[in-house]
>>> print(open('structure.txt').read())   # compact mmCIF, C-alpha atoms
# COMPACT_ATOMS: atom_id res chain seq x y z
CA MET A 446 109.29 99.90 131.67
CA SER A 447 109.31 97.14 134.32
CA ASP A 448 107.42 97.33 137.60
CA THR A 449 110.73 97.54 139.50
CA THR A 450 112.19 100.41 137.47
CA PRO A 451 111.90 103.74 139.30
CA LEU A 452 109.87 106.25 137.32
CA PRO A 453 111.45 109.62 136.57
CA PRO A 454 109.60 112.71 137.78
CA LEU A 455 106.99 114.28 135.54
CA TYR A 456 108.42 116.36 132.69
CA ALA A 457 112.03 115.33 133.38
CA ILE A 458 113.48 114.83 129.90
CA GLU A 459 115.87 111.94 129.25
CA ALA A 460 117.57 110.32 126.27
CA ALA A 461 115.79 107.06 125.51
CA GLY A 462 118.69 105.36 123.73
CA PRO A 463 122.17 105.81 122.26
CA HIS A 464 121.32 106.15 118.55
CA ARG A 465 121.42 109.58 116.89
CA ALA A 466 119.41 109.75 113.68
CA THR A 467 120.07 112.19 110.89
CA LEU A 468 116.32 112.72 110.48
CA GLY A 469 114.39 110.73 113.08
CA GLU A 470 110.64 110.44 112.53
CA SER A 471 107.46 108.41 113.00
CA PRO A 472 107.91 106.94 116.50
CA LEU A 473 105.62 103.93 116.94
CA TRP A 474 105.06 102.27 120.30
CA HIS A 475 104.45 98.57 119.66
CA VAL A 476 102.10 97.49 122.46
CA GLN A 477 102.64 93.75 121.93
CA GLU A 478 106.44 94.00 121.92
CA GLN A 479 106.66 96.88 124.43
CA CYS A 480 109.28 98.56 122.30
CA LEU A 481 109.64 101.62 120.10
CA TYR A 482 110.08 101.63 116.34
CA TYR A 483 111.00 104.74 114.36
CA VAL A 484 112.64 105.73 111.09
CA ASP A 485 115.70 107.66 110.01
CA ILE A 486 114.44 109.15 106.74
CA ALA A 487 117.77 110.49 105.50
CA GLU A 488 119.67 107.24 106.16
CA ARG A 489 116.85 105.04 104.77
CA GLN A 490 116.54 102.98 107.95
CA VAL A 491 113.93 101.57 110.33
CA TRP A 492 115.06 101.35 113.97
CA ARG A 493 113.84 99.38 116.97
CA LEU A 494 114.60 100.43 120.55
CA ASP A 495 113.95 98.34 123.64
CA PRO A 496 113.77 101.06 126.31
CA THR A 497 114.16 98.58 129.15
CA SER A 498 117.43 97.03 127.98
CA GLY A 499 118.58 99.88 125.75
CA GLU A 500 119.14 97.38 122.93
CA THR A 501 118.75 98.71 119.38
CA ARG A 502 118.73 97.18 115.92
CA HIS A 503 117.93 98.52 112.49
CA TRP A 504 116.98 97.54 108.95
CA GLN A 505 118.40 99.18 105.81
CA LEU A 506 115.94 100.12 103.05
CA ASP A 507 116.30 101.07 99.38
CA SER A 508 114.48 104.43 99.57
CA GLU A 509 113.48 106.97 102.20
CA PRO A 510 110.86 105.77 104.71
CA GLY A 511 108.52 108.60 105.66
CA CYS A 512 106.60 106.65 108.30
CA ILE A 513 105.72 103.23 109.66
CA ALA A 514 102.65 101.51 111.10
CA ARG A 515 101.89 98.19 112.69
CA LEU A 516 100.26 95.61 110.41
CA GLU A 517 97.39 93.51 111.70
CA GLY A 518 98.69 89.96 111.77
CA GLY A 519 102.33 90.98 112.26
CA GLY A 520 105.07 93.03 110.72
CA LEU A 521 105.32 96.68 109.81
CA LEU A 522 103.96 98.75 106.96
CA VAL A 523 106.68 101.11 105.71
CA ALA A 524 105.64 104.08 103.55
CA GLN A 525 108.71 104.76 101.40
CA ARG A 526 109.33 107.15 98.54
CA ASN A 527 108.88 104.22 96.14
CA GLY A 528 105.61 102.91 97.62
CA LEU A 529 104.18 100.91 100.51
CA TRP A 530 106.17 97.93 101.75
CA ARG A 531 105.85 95.18 104.35
CA LEU A 532 108.82 94.69 106.68
CA ASP A 533 109.11 91.55 108.78
CA PRO A 534 111.46 92.51 111.63
CA ALA A 535 112.02 88.87 112.58
CA SER A 536 113.32 87.73 109.19
CA GLY A 537 114.21 91.06 107.61
CA ALA A 538 111.97 90.25 104.62
CA HIS A 539 111.00 93.41 102.75
CA THR A 540 108.19 92.97 100.22
CA PRO A 541 106.17 95.47 98.11
CA LEU A 542 102.51 96.16 98.88
CA ALA A 543 101.53 99.05 96.59
CA PRO A 544 103.32 101.48 94.25
CA ALA A 545 103.44 105.17 95.10
CA PRO A 546 100.43 107.15 93.77
CA TYR A 547 102.62 110.13 92.80
CA ASP A 548 105.79 110.96 90.85
CA ALA A 549 108.53 109.63 93.13
CA ALA A 550 111.06 111.87 91.40
CA ARG A 551 109.27 114.88 92.91
CA GLN A 552 107.54 113.66 96.08
CA ARG A 553 107.76 111.11 98.87
CA PHE A 554 105.53 109.84 101.62
CA ASN A 555 105.82 111.70 104.92
CA ASP A 556 103.58 111.42 108.00
CA GLY A 557 101.06 108.55 108.19
CA LYS A 558 98.93 106.52 110.62
CA PRO A 559 96.06 104.01 110.57
CA ASP A 560 92.58 104.97 111.73
CA ALA A 561 90.63 102.77 114.14
CA GLN A 562 89.14 100.80 111.24
CA GLY A 563 92.58 99.87 109.88
CA ARG A 564 92.63 102.24 106.91
CA PHE A 565 96.06 103.82 106.39
CA TRP A 566 96.23 107.60 106.06
CA VAL A 567 99.46 109.04 104.71
CA GLY A 568 100.51 112.38 103.30
CA THR A 569 103.32 113.49 101.05
CA ILE A 570 106.00 116.16 100.92
CA ASP A 571 106.91 117.97 97.72
CA ASP A 572 110.67 118.11 97.09
CA ALA A 573 110.40 121.50 95.35
CA ARG A 574 108.39 122.89 98.27
CA ALA A 575 105.45 123.58 95.96
CA PRO A 576 101.82 123.19 97.15
CA ALA A 577 101.47 119.93 95.23
CA ALA A 578 101.46 117.45 98.11
CA ALA A 579 98.37 115.54 99.20
CA LEU A 580 96.78 113.38 101.88
CA TYR A 581 95.87 109.82 100.84
CA ARG A 582 93.70 107.10 102.34
CA PHE A 583 94.86 103.57 101.56
CA ALA A 584 92.20 100.86 101.86
CA ASP A 585 91.19 97.76 99.92
CA GLY A 586 94.45 97.89 98.00
CA GLY A 587 94.00 101.37 96.56
CA PHE A 588 94.65 105.04 97.28
CA ALA A 589 92.06 107.82 97.48
CA VAL A 590 93.03 111.51 97.60
CA MET A 591 91.52 113.06 100.76
CA GLY A 592 93.21 116.47 100.73
CA GLU A 593 95.37 118.55 98.39
CA GLY A 594 97.12 121.88 97.94
CA ILE A 595 99.75 121.71 100.67
CA VAL A 596 103.56 121.48 100.74
CA THR A 597 104.37 119.21 103.71
CA SER A 598 101.68 116.88 105.02
CA ASN A 599 102.09 116.29 108.75
CA GLY A 600 100.42 116.14 112.15
CA LEU A 601 97.96 113.29 111.56
CA ALA A 602 95.96 112.29 114.64
CA TRP A 603 92.36 111.50 115.61
CA SER A 604 90.26 112.57 118.54
CA PRO A 605 89.51 109.74 120.99
CA ASP A 606 85.90 109.51 119.72
CA GLN A 607 87.15 109.34 116.10
CA ARG A 608 84.98 112.29 115.12
CA GLN A 609 87.83 114.69 114.35
CA LEU A 610 90.92 114.31 112.19
CA TYR A 611 93.91 116.59 112.71
CA TRP A 612 96.24 117.39 109.81
CA SER A 613 98.88 120.05 109.27
CA ASP A 614 101.00 121.73 106.62
CA THR A 615 104.39 122.31 108.19
CA LYS A 616 105.49 124.77 105.51
CA ALA A 617 102.35 126.90 106.01
CA HIS A 618 102.76 126.86 109.83
CA GLU A 619 99.12 125.70 110.13
CA ILE A 620 97.23 122.86 111.84
CA TYR A 621 93.79 121.88 110.55
CA ARG A 622 90.83 119.98 111.97
CA LEU A 623 88.38 118.06 109.80
CA ALA A 624 85.15 116.32 110.71
CA PHE A 625 85.71 112.56 110.38
CA ASP A 626 83.20 109.80 109.64
CA ALA A 627 84.69 106.63 111.09
CA ALA A 628 82.23 104.34 109.31
CA THR A 629 82.96 105.59 105.81
CA GLY A 630 86.41 107.13 106.20
CA SER A 631 85.22 110.42 104.75
CA VAL A 632 86.26 113.88 105.95
CA GLY A 633 84.59 117.26 106.13
CA ALA A 634 85.86 120.70 105.25
CA ARG A 635 89.28 121.78 106.48
CA GLU A 636 89.08 124.19 109.45
CA LEU A 637 92.00 126.09 110.96
CA PHE A 638 92.90 124.71 114.41
CA ALA A 639 96.15 126.63 115.07
CA ARG A 640 98.41 129.00 113.17
CA PHE A 641 101.99 130.00 113.98
CA ALA A 642 104.08 132.93 112.80
CA PRO A 643 106.64 132.06 110.11
CA ARG A 644 110.24 132.93 110.78
CA ALA A 645 110.86 136.51 109.73
CA PRO A 646 113.99 137.50 107.76
CA GLY A 647 116.84 137.92 110.21
CA GLN A 648 114.84 136.54 113.15
CA SER A 649 116.90 134.44 115.56
CA LEU A 650 115.91 130.85 116.28
CA GLU A 651 115.49 131.78 119.95
CA ASP A 652 112.73 134.20 118.95
CA TYR A 653 111.16 131.85 116.41
CA GLY A 654 108.57 129.45 117.81
CA GLY A 655 109.00 126.77 115.17
CA ARG A 656 106.59 125.09 112.77
CA PRO A 657 104.19 122.19 113.43
CA ASP A 658 105.55 118.74 112.65
CA GLY A 659 104.32 115.35 113.90
CA ALA A 660 101.70 115.02 116.63
CA ALA A 661 99.80 112.69 118.97
CA VAL A 662 96.50 112.90 120.86
CA ASP A 663 96.15 111.90 124.51
CA ALA A 664 93.23 110.25 126.31
CA GLU A 665 91.69 113.65 127.13
CA GLY A 666 91.64 114.54 123.45
CA CYS A 667 94.48 117.04 123.72
CA TYR A 668 96.81 117.47 120.77
CA TRP A 669 100.57 117.30 121.38
CA VAL A 670 102.61 118.73 118.51
CA ALA A 671 106.38 118.89 117.93
CA MET A 672 107.51 122.35 116.85
CA PHE A 673 110.40 121.83 114.42
CA GLU A 674 113.18 124.37 114.99
CA GLY A 675 111.16 125.69 117.94
CA GLN A 676 112.77 123.38 120.53
CA ARG A 677 109.44 122.63 122.19
CA LEU A 678 106.30 120.50 122.37
CA LEU A 679 102.90 122.14 122.66
CA ARG A 680 99.74 120.64 124.15
CA PHE A 681 96.44 122.05 122.88
CA SER A 682 92.96 121.40 124.22
CA PRO A 683 90.33 120.04 121.81
CA THR A 684 89.05 123.61 121.42
CA GLY A 685 92.49 124.94 120.46
CA GLU A 686 93.57 126.46 123.79
CA LEU A 687 97.30 126.19 124.47
CA LEU A 688 97.61 124.27 127.75
CA ARG A 689 101.32 123.51 128.03
CA GLU A 690 104.66 124.38 126.47
CA LEU A 691 107.37 121.82 127.11
CA ARG A 692 110.85 123.12 126.33
CA LEU A 693 113.29 120.55 124.93
CA PRO A 694 117.09 120.25 124.91
CA VAL A 695 117.23 119.91 121.10
CA ARG A 696 116.30 122.40 118.39
CA CYS A 697 114.40 120.08 116.04
CA PRO A 698 111.82 117.70 117.54
CA THR A 699 109.87 115.89 114.83
CA MET A 700 107.10 113.79 116.42
CA PRO A 701 105.84 112.51 119.79
CA THR A 702 104.11 109.24 120.58
CA PHE A 703 102.88 107.69 123.83
CA GLY A 704 104.53 104.54 125.13
CA ASP A 705 105.44 102.26 128.04
CA ALA A 706 102.97 99.92 129.71
CA ASP A 707 100.78 102.76 131.00
CA LEU A 708 101.13 104.91 127.83
CA ARG A 709 102.27 107.84 129.99
CA THR A 710 105.73 108.26 128.52
CA LEU A 711 106.09 110.59 125.56
CA TYR A 712 108.77 109.37 123.17
CA ILE A 713 109.97 112.14 120.86
CA THR A 714 112.02 111.70 117.70
CA THR A 715 114.40 114.50 116.72
CA ALA A 716 116.66 115.56 113.85
CA ARG A 717 120.23 116.74 113.39
CA GLU A 718 120.21 117.03 109.58
CA LYS A 719 121.72 120.25 108.23
CA ARG A 720 122.16 121.74 111.71
CA PRO A 721 125.17 124.00 112.37
CA ALA A 722 128.16 122.44 114.09
CA GLU A 723 128.00 124.76 117.08
CA GLU A 724 124.37 123.83 117.70
CA LEU A 725 125.13 120.10 117.56
CA ALA A 726 128.06 120.56 119.93
CA ALA A 727 125.76 122.27 122.43
CA GLN A 728 122.92 119.75 121.93
CA PRO A 729 124.40 116.23 122.08
CA TRP A 730 120.95 114.62 122.13
CA ALA A 731 120.05 116.07 118.71
CA GLY A 732 118.88 113.22 116.47
CA GLY A 733 118.17 111.00 119.46
CA VAL A 734 114.88 109.78 120.87
CA LEU A 735 113.86 111.70 123.98
CA LYS A 736 111.41 110.53 126.63
CA VAL A 737 109.40 112.35 129.27
CA ARG A 738 106.72 111.24 131.73
CA VAL A 739 103.35 113.03 131.60
CA GLU A 740 100.14 112.95 133.66
CA VAL A 741 97.63 111.96 130.97
CA PRO A 742 98.16 108.73 129.01
CA GLY A 743 97.95 108.45 125.28
CA LEU A 744 96.01 106.07 123.07
CA PRO A 745 97.44 102.77 121.77
CA ALA A 746 98.51 102.79 118.14
CA GLY A 747 96.18 100.97 115.77
CA ALA A 748 97.10 98.54 113.02
CA VAL A 749 96.66 98.56 109.26
CA ARG A 750 94.31 95.95 107.82
CA LEU A 751 95.29 94.84 104.33
>>> encode(input="structure.txt", output="structure tokens")
Amino acid sequence: MSDTTPLPPLYAIEAAGPHRATLGESPLWHVQEQCLYYVDIAERQVWRLDPTSGETRHWQLDSEPGCIARLEGGGLLVAQRNGLWRLDPASGAHTPLAPAPYDAARQRFNDGKPDAQGRFWVGTIDDARAPAAALYRFADGGFAVMGEGIVTSNGLAWSPDQRQLYWSDTKAHEIYRLAFDAATGSVGARELFARFAPRAPGQSLEDYGGRPDGAAVDAEGCYWVAMFEGQRLLRFSPTGELLRELRLPVRCPTMPTFGDADLRTLYITTAREKRPAEELAAQPWAGGVLKVRVEVPGLPAGAVRL
């Protein structure tokens, strides 16, 4: 956002660009380029949005990208169903980095981010919705299993002091907190940070609060989480107190990230996949990237060191 562009008021929600993804995910604010990257999992695409000009472009992939991260030295790491890949946005070159550590016929990568030391943390989702997904740490060319026994790995984020790792299982409606050792990349026991009520049989979506999807932590250590099908973002304190509920104009937000020069704009990816026609007609921004100004800035995204 340029110095001459008027800032919208706090918590005024806008559409950030014209594109509508089928399943938008993994928004990444690229500090050097001052632009937003994100993926459309269902369409097997990586997108780039320049929020100042509104210009977009995209790259077509050969399998579903669950998430992306900036690579130290340039380019993007793309975690696809069929492994980790390097994407060079300038040339379009798409080269393999590591094969998937799971059966790609049953699972795919989902949410992932680098820690401050450049190790890449990425979880999986099980296609059969069985508790067979895991959380992996990728470093020195290999994968290590850091957590198991969940269905949909999501919600990865670290506290500003890098002493806590947040992780969630969307299917279980639970967010966890784990002690984190930044020097070694090890984690402690999983502790429950927040739990949400599953949707009851016959319960309307208006009465259902949603389930925790992607997340981001701000400079005060508060955890912002997108509530899929809940049409809202929630901000929790580091001790788990709910501080803010931000209602959204779309049913299915998937993940927030902080962007713009001051890192005080929340960019939020959303989904329109498998939504009823009447809902999509009433929510024309479904699948788009939303943006909203907030008081507390976020933290700049790190980069993966290969």
>>> closest_residue(input="structure.txt", among="A:Ala573, A:Leu601, A:Leu711, A:Leu521", to="Asp658 (chain A)", atoms="all atoms listed in the file")
A:Leu601
>>> atom_distance(input="structure.txt", atom1="CA of Ala457 (chain A)", atom2="CA of Lys736 (chain A)")
8.3 Å
>>> atom_distance(input="structure.txt", atom1="CA of Gln479 (chain A)", atom2="CA of Trp730 (chain A)")
22.9 Å
>>> closest_residue(input="structure.txt", among="A:Thr702, A:Gln490, A:Gln676, A:Gln525", to="Glu690 (chain A)", atoms="all atoms listed in the file")
A:Gln676
>>> residues_around(input="structure.txt", residues="region 607-611 of chain A", least_positions_apart="3", cutoff="10 Å", atoms="only C-alpha atoms", output="list in words")
Asp560, Ala561, Asn599, Gly600, Leu601, Ala602, Trp603, Ser604, Ile620, Tyr621, Arg622, Leu623, Ala624, Phe625, Asp626, Ala627, Ala628, Val632, Gly633, Arg635, Glu636, Leu637, Phe638, Ala660, Ala661, Val662, Gly666, Tyr668 and Pro683 of chain A
>>> atom_distance(input="structure.txt", atom1="CA of Ala460 (chain A)", atom2="CA of Asp485 (chain A)")
16.6 Å
>>> closest_residue(input="structure.txt", among="A:Gly518, A:Pro742, A:Pro451, A:Gly462", to="Pro605 (chain A)", atoms="only C-alpha atoms")
A:Pro742
>>> closest_residue(input="structure.txt", among="A:Pro454, A:Gly647, A:Gly659, A:Gly537", to="Gly469 (chain A)", atoms="all atoms listed in the file")
A:Gly659
>>> closest_residue(input="structure.txt", among="A:Val670, A:Ala578, A:Ala664, A:Leu708", to="Glu619 (chain A)", atoms="only C-alpha atoms")
A:Val670
>>> closest_residue(input="structure.txt", among="A:Pro544, A:Glu459, A:Lys558, A:Arg502", to="Leu481 (chain A)", atoms="all atoms listed in the file")
A:Arg502
>>> residues_around(input="structure.txt", residues="region 639-646 of chain A", least_positions_apart="3", cutoff="8 Å", atoms="all atoms listed in the file", output="list in words")
Ala617, His618, Glu619, Ile620, Tyr621, Tyr653, Gly654, Gly655, Arg656 and Gly685 of chain A
